[in-house]
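> Below is the structure I would like to discuss, written out as structure tokens.
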Amino acid sequence: MSKIVWKPGTLLSPVPVVLVSSGAVDSPNAVTVAWTGIVNTNPSMLYISLRPERHSHKIISESGEFVVNLVTRDLVRKTDSCGVYTGAKVNKFKKFNLTPEKASQVSSPMIKESPVNIECKVEKIIPLGTHDMFLARIVAVNVEESLIGEGGKLELKKAKLIAYSHGDYLELGKKVGSFGYSVKKKKQNRVK
């Protein structure tokens with residue numbers, strides 16, 4: 001199969017789509033972010049990238065904190081709306097019926113409707129061009145009890161999480177493998 005060479009672009013896909021909350025519980029803000037990911041295990045760290053002109057950029061730069069809220073199928077419309085409107089003119093929590101909830105380690109609010117909230121403290125802001133990358137330490141993870149299965153195992157598939165791919169929101173689907181399954185030894189049938 002032949003391929004066509006394109007100029008460099010942002011075609012890594014799919015990517016997570018999250019709602020990033022900032023501010024305070026009594027004056028919350030939320031922004032949709034698709035440029036986010038894990039960057040380190042120990043200490044646990046992630047990043048988000050924001051344009052400097054975004055209202056959330058100023059809030060997070062000043063406070064040094066934010067919460068990454070995972071997005072479900074039920075939140076996708078509100079998530080899209082939070083990316084279209086600016087928090088400088090609209091209280092997105094009120095307009096889109098989102099509930100600010102007190103976090104355990106940061107002053108930024110969590111979004112109650114999200115099943116997983118990741119509390120973060122900014123370690124470094126790296127200007128990259130069109131966006132600034134906020135490199136942050138994860139200080140707490142809050143998980144809805146309904147996602148905890150037998151033996152305390154996290155069952156994220158129950159959350160019906162959403163990904164973003166080239167302008168479209170997609171619900172994560174069918175499992176096609178597990179980490180290490182390609183090299184795992186097959187169980188031998190025992191004869192009794």
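Here, A, B, ... name the chains of the structure tokens in the order displayed, residue numbers run from 1 inside each chain, and ligands are numbered from 1 in the same displayed order.
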Write out as number ranges by chain all residues of stretch 14-144 of chain A that DSSP puts in strand (DSSP E) for this structure's backbone.
A: 15-16, 18-24, 27-33, 36-40, 45-50, 65-70, 100-101, 110-111, 116-127, 132-143
> Fewer than 2 positions away in the same chain doesn't count, so skip those; otherwise give me all residues within 9 Å of A:Pro100, counting only C-alpha atoms, as a list in words.
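These residues fall inside the cut-off: Ser21, Ala24, Val25, Asp26, Ser27, Pro28, Phe93, Leu98, Lys102, Ser108, Pro109, Met110, Ile111, Lys112 and Glu113 of chain A.
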> Looking at A:Ala30, A:Val15, A:Val20, A:Val139, which one is nearest to A:Asn97, with distances taken over only C-alpha atoms?
A:Ala30
> I'd like the contact shell of stretch 166-180 of chain A - 9 Å cut-off, only C-alpha atoms, skipping same-chain residues fewer than 5 positions apart - returned as a list in words.
Thr10, Leu11, Leu12, Ser13, Pro14, Val17, Thr72, Arg73, Val76, Asp80, Lys157, Lys160 and Leu161 of chain A
> May I have the residues from that selection written out with N, CA, C and O atoms, as an mmCIF file, in the first residue's frame?

```cif
data_model
loop_
_atom_site.group_PDB
_atom_site.id
_atom_site.type_symbol
_atom_site.label_atom_id
_atom_site.label_comp_id
_atom_site.auth_asym_id
_atom_site.auth_seq_id
_atom_site.Cartn_x
_atom_site.Cartn_y
_atom_site.Cartn_z
ATOM 1 N N THR A 10 -0.494 17.582 13.583
ATOM 2 C CA THR A 10 -0.940 16.977 14.843
ATOM 3 C C THR A 10 -1.892 15.819 14.578
ATOM 4 O O THR A 10 -3.071 15.888 14.900
ATOM 5 N N LEU A 11 -1.403 14.751 14.007
ATOM 6 C CA LEU A 11 -2.263 13.628 13.635
ATOM 7 C C LEU A 11 -2.168 12.431 14.556
ATOM 8 O O LEU A 11 -2.696 11.377 14.247
ATOM 9 N N LEU A 12 -1.498 12.561 15.691
ATOM 10 C CA LEU A 12 -1.513 11.461 16.659
ATOM 11 C C LEU A 12 -2.961 11.286 17.099
ATOM 12 O O LEU A 12 -3.605 12.226 17.542
ATOM 13 N N SER A 13 -3.472 10.072 16.948
ATOM 14 C CA SER A 13 -4.906 9.902 17.164
ATOM 15 C C SER A 13 -5.227 8.445 17.470
ATOM 16 O O SER A 13 -4.571 7.565 16.932
ATOM 17 N N PRO A 14 -6.217 8.168 18.309
ATOM 18 C CA PRO A 14 -7.019 9.094 19.095
ATOM 19 C C PRO A 14 -6.236 9.586 20.301
ATOM 20 O O PRO A 14 -5.210 9.020 20.664
ATOM 21 N N VAL A 17 -9.813 13.002 25.692
ATOM 22 C CA VAL A 17 -10.426 14.324 25.829
ATOM 23 C C VAL A 17 -10.861 14.426 27.278
ATOM 24 O O VAL A 17 -11.439 13.491 27.834
ATOM 25 N N THR A 72 -17.044 11.054 30.046
ATOM 26 C CA THR A 72 -17.857 9.898 29.688
ATOM 27 C C THR A 72 -18.800 10.253 28.541
ATOM 28 O O THR A 72 -18.931 11.421 28.174
ATOM 29 N N ARG A 73 -19.470 9.240 28.025
ATOM 30 C CA ARG A 73 -20.475 9.466 26.984
ATOM 31 C C ARG A 73 -21.518 10.486 27.450
ATOM 32 O O ARG A 73 -21.926 11.362 26.707
ATOM 33 N N VAL A 76 -20.183 14.166 27.075
ATOM 34 C CA VAL A 76 -19.541 14.609 25.831
ATOM 35 C C VAL A 76 -20.113 15.926 25.302
ATOM 36 O O VAL A 76 -19.365 16.785 24.829
ATOM 37 N N ASP A 80 -17.879 19.330 24.874
ATOM 38 C CA ASP A 80 -17.735 20.091 23.632
ATOM 39 C C ASP A 80 -18.079 21.555 23.875
ATOM 40 O O ASP A 80 -17.352 22.455 23.437
ATOM 41 N N LYS A 157 -13.553 0.539 32.067
ATOM 42 C CA LYS A 157 -14.446 0.284 30.925
ATOM 43 C C LYS A 157 -15.907 0.555 31.278
ATOM 44 O O LYS A 157 -16.712 0.895 30.425
ATOM 45 N N LYS A 160 -17.489 4.229 30.315
ATOM 46 C CA LYS A 160 -17.848 4.647 28.943
ATOM 47 C C LYS A 160 -17.118 5.936 28.571
ATOM 48 O O LYS A 160 -17.720 6.943 28.210
ATOM 49 N N LEU A 161 -15.769 5.882 28.684
ATOM 50 C CA LEU A 161 -14.934 7.046 28.415
ATOM 51 C C LEU A 161 -14.921 7.407 26.934
ATOM 52 O O LEU A 161 -15.174 6.576 26.066
#
```
> So that I can see what lies close to A:Leu147, please list as a list of chain:residue names the residues with an atom at most 10 Å from it, counting only C-alpha atoms and leaving out residues fewer than 5 positions away in the same chain.
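The neighbour list is A:Pro115, A:Val116, A:Gly152, A:Lys153, A:Leu154, A:Glu155, A:Leu156, A:Lys157, A:Lys158, A:Ala159.
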> From the list A:Ser182, A:Leu19, A:Val122, A:Asn69, which residue is nearest A:Asn142 when using only C-alpha atoms?
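Using only C-alpha atoms, the shortest distance to A:Asn142 belongs to A:Asn69.
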> Can you tell me, as a list in words, which residues in chain A count as alpha helix (DSSP H) by DSSP?
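The alpha helix (DSSP H) residues within chain A come out as His55, Ser56, His57, Lys58, Ile59, Ile60, Ser61, Glu62, Ser63, Val76, Arg77, Lys78, Thr79, Asp80, Ser81, Cys82, Gly83, Val84, Lys92, Phe93, Lys94 and Lys95 of chain A.
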> Between A:Pro52, A:Pro43, A:Gly87, A:Gly23, which one has atoms that come closest to A:Ile126, using only C-alpha atoms?
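Answer, going by the shortest atom-to-atom distance: A:Pro52.
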> Would you mind listing what lies within 7 Å of A:Leu50 as number ranges by chain, with only C-alpha atoms counted and same-chain residues fewer than 5 positions away left out?
A: 57, 131-133
> Of the candidates A:Lys89, A:Lys184, A:His55, A:Lys121, which one gets nearest to A:Val106 if we count only C-alpha atoms?
A:Lys121
> Fewer than 3 positions away in the same chain doesn't count, so skip those; otherwise give me all residues within 6 Å of stretch 31-42 of chain A, counting only C-alpha atoms, as a list in words.
Pro16, Val17, Val18, Leu19, Val20, Met45, Leu46, Tyr47, Ile48, Ser49, Thr79, Cys82 and Gly83 of chain A
> I'd like the neighbourhood of A:Ser56 as a tab-separated table (two decimals) with all heavy atoms, in the first residue's frame, where a residue qualifies if any of its atoms comes within 7 Å (using only C-alpha atoms), though same-chain residues fewer than 2 positions away should be ignored.

```tsv
chain	number	residue	atom	x	y	z
A	22	SER	N	-10.41	24.52	37.01
A	22	SER	CA	-9.47	25.39	37.72
A	22	SER	C	-10.26	26.44	38.47
A	22	SER	O	-11.49	26.47	38.41
A	22	SER	CB	-8.49	26.03	36.72
A	22	SER	OG	-9.18	26.79	35.76
A	31	VAL	N	-12.32	23.88	31.04
A	31	VAL	CA	-11.93	23.98	29.64
A	31	VAL	C	-11.74	22.56	29.09
A	31	VAL	O	-11.30	21.66	29.81
A	31	VAL	CB	-10.63	24.82	29.47
A	31	VAL	CG1	-9.43	24.16	30.12
A	31	VAL	CG2	-10.36	25.12	28.01
A	54	ARG	N	-6.17	31.46	26.26
A	54	ARG	CA	-7.31	30.82	26.92
A	54	ARG	C	-7.44	31.34	28.36
A	54	ARG	O	-6.45	31.54	29.07
A	54	ARG	CB	-7.16	29.29	26.95
A	54	ARG	CG	-7.15	28.58	25.61
A	54	ARG	CD	-8.41	28.80	24.78
A	54	ARG	NE	-9.61	28.27	25.35
A	54	ARG	CZ	-10.27	27.22	24.90
A	54	ARG	NH1	-9.83	26.56	23.84
A	54	ARG	NH2	-11.39	26.84	25.47
A	58	LYS	N	-4.54	31.56	32.19
A	58	LYS	CA	-4.24	32.58	33.20
A	58	LYS	C	-4.52	32.05	34.61
A	58	LYS	O	-3.71	32.22	35.52
A	58	LYS	CB	-5.05	33.85	32.94
A	58	LYS	CG	-4.78	34.95	33.94
A	58	LYS	CD	-5.61	36.18	33.66
A	58	LYS	CE	-5.23	37.24	34.69
A	58	LYS	NZ	-6.19	38.23	34.92
A	59	ILE	N	-5.67	31.42	34.78
A	59	ILE	CA	-6.05	30.90	36.11
A	59	ILE	C	-5.04	29.87	36.60
A	59	ILE	O	-4.57	29.92	37.74
A	59	ILE	CB	-7.47	30.29	36.07
A	59	ILE	CG1	-8.51	31.36	35.75
A	59	ILE	CG2	-7.80	29.60	37.40
A	59	ILE	CD1	-9.89	30.80	35.45
A	60	ILE	N	-4.69	28.93	35.73
A	60	ILE	CA	-3.77	27.86	36.13
A	60	ILE	C	-2.36	28.41	36.35
A	60	ILE	O	-1.66	27.99	37.28
A	60	ILE	CB	-3.79	26.72	35.10
A	60	ILE	CG1	-5.18	26.05	35.10
A	60	ILE	CG2	-2.70	25.70	35.38
A	60	ILE	CD1	-5.42	25.10	33.94
```
> Report the distance between atom CA of A:Val67 and atom CA of A:Cys120 in Å, rounded to one decimal place.
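Going from atom CA of A:Val67 over to atom CA of A:Cys120, I get 5.7 Å.
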